[in-house]
Structure formats: structure tokens, C-alpha cells
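K.L.:
Encoded as C-alpha cells, here's the structure I'll be asking about.
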Amino acid sequence: MAINYICRHCRTFQGRIDSHEVTEARLGFDSLTPEERRDIIAYDFNGEVTVRVTCDHCREALEANPELSLLTNPLQ
């Protein structure tokens with residue numbers, strides 16, 4: 001299973017795990033609520049998983065300017 005990590009705000013590629021030994025439970029996905037799973041994790045037809053995270057740059061920008069979180073796409 002390939003798992004790609006992408007920033008939810010700026011869409012920057014953050015990393016990739018490409019291993020058949022990695023499970024959703026080992027990554028902690030099983031502790032997410034169904035709503036969190038829908039918001040954070042996307043599955044495609046090729047069996048790859050995309051996880052939407054917040055990169056350090058966007059996290060710092062949102063912490064410095066909390067009003068940005070009110071916008072639909074604050075850090076495009």
C-alpha cells in the first residue's frame with residue numbers, strides 16, 4: 001500500500017510510505033472518527049492512499065494569522 005502525504009493548504013508533497021507492511025492501525029488511522037477519516041484520508045482506484053496533513057510552513061502561517069483559518073483556501 002502506498003501512502004502519500006500532501007499539505008491540505010498549499011498542496012505540497014510531504015512524503016510517501018510505500019510498504020506492504022504498513023497498516024492503517026500502525027499509522028493510527030483506526031483511532032480517527034469516521035468524519036476525521038473522510039476529511040483526512042482519500043483512497044484512489046490504484047490502491048494508493050492520500051493523507052491530507054498541514055505542513056510546517058502552513059502551520060506557522062496559521063498560528064501567526066489565525067484569521068486565515070476562516071478562509072476556504074487560505075494558503076493556496
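The chains in the C-alpha cells are called A, B, ... from first to last as shown; in each chain the residues are counted from 1, and the ligands are counted from 1 in the order shown.
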What residues in segment 5-60 of chain A get the DSSP label strand (DSSP E)? Please answer as a ChimeraX atom specification.
P.N.:
/A:5-7,13-18,41-43,49-53
K.L.:
How far is it from atom CA of Gly15 of chain A to atom CA of Glu63 of chain A, in Å with one decimal?
P.N.:
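Taking atom CA of Gly15 of chain A as the start and atom CA of Glu63 of chain A as the end point, the length is 22.7 Å.
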K.L.:
In Å to one decimal, how far is atom CA of Asn4 of chain A from atom CA of Phe45 of chain A?
P.N.:
14.1 Å
K.L.:
Looking at A:Cys10, A:Leu71, A:Asn65, A:Arg16, which one is nearest to Val49 of chain A, with distances taken over only C-alpha atoms?
P.N.:
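Distance minimum relative to Val49 of chain A lands on A:Arg16.
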K.L.:
Using only C-alpha atoms, can you tell me which of A:Leu70, A:Leu27, A:Ala42, A:Cys58 comes closest to Arg11 of chain A?
P.N.:
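Under the stated criterion, the closest residue is A:Cys58.
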K.L.:
Kindly indicate which residue among A:Leu32, A:Ser69, A:Arg38, A:Leu62 lies nearest to Thr50 of chain A, using only C-alpha atoms for the distances.
P.N.:
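So, comparing all the options, the nearest one is A:Arg38.
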K.L.:
Counting only C-alpha atoms, figure out which residue out of A:Ile6, A:Met1, A:Val22, A:Pro66 gets nearest to Val51 of chain A.
P.N.:
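So, comparing all the options, the nearest one is A:Ile6.
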K.L.:
Give me the residues within 10 Å of Phe13 of chain A as a ChimeraX atom specification, counting only C-alpha atoms and dropping any in the same chain fewer than 6 places off.
P.N.:
/A:4-7,52-53,55
K.L.:
Name the residues of chain A that come out as alpha helix (DSSP H) in a backbone DSSP run; write them as a list in words.
P.N.:
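Alpha helix (DSSP H) assignments inside chain A correspond to Glu24, Ala25, Arg26, Leu27, Pro34, Glu35, Glu36, Arg37, Arg38, Asp39, Ile40, Asp56, His57, Cys58, Arg59, Glu60, Ala61, Leu62, Glu63 and Ala64 of chain A.
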K.L.:
Between atom CA of Asp18 of chain A and atom CA of Pro34 of chain A, what is the distance in Å, rounded to a tenth?
P.N.:
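Atom-to-atom, atom CA of Asp18 of chain A to atom CA of Pro34 of chain A, that is 24.2 Å.
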K.L.:
Of the candidates A:Ile3, A:Asp56, A:Ala64, A:Thr12, which shows the shortest atom-to-atom distance to Phe29 of chain A, using only C-alpha atoms?
P.N.:
A:Ile3
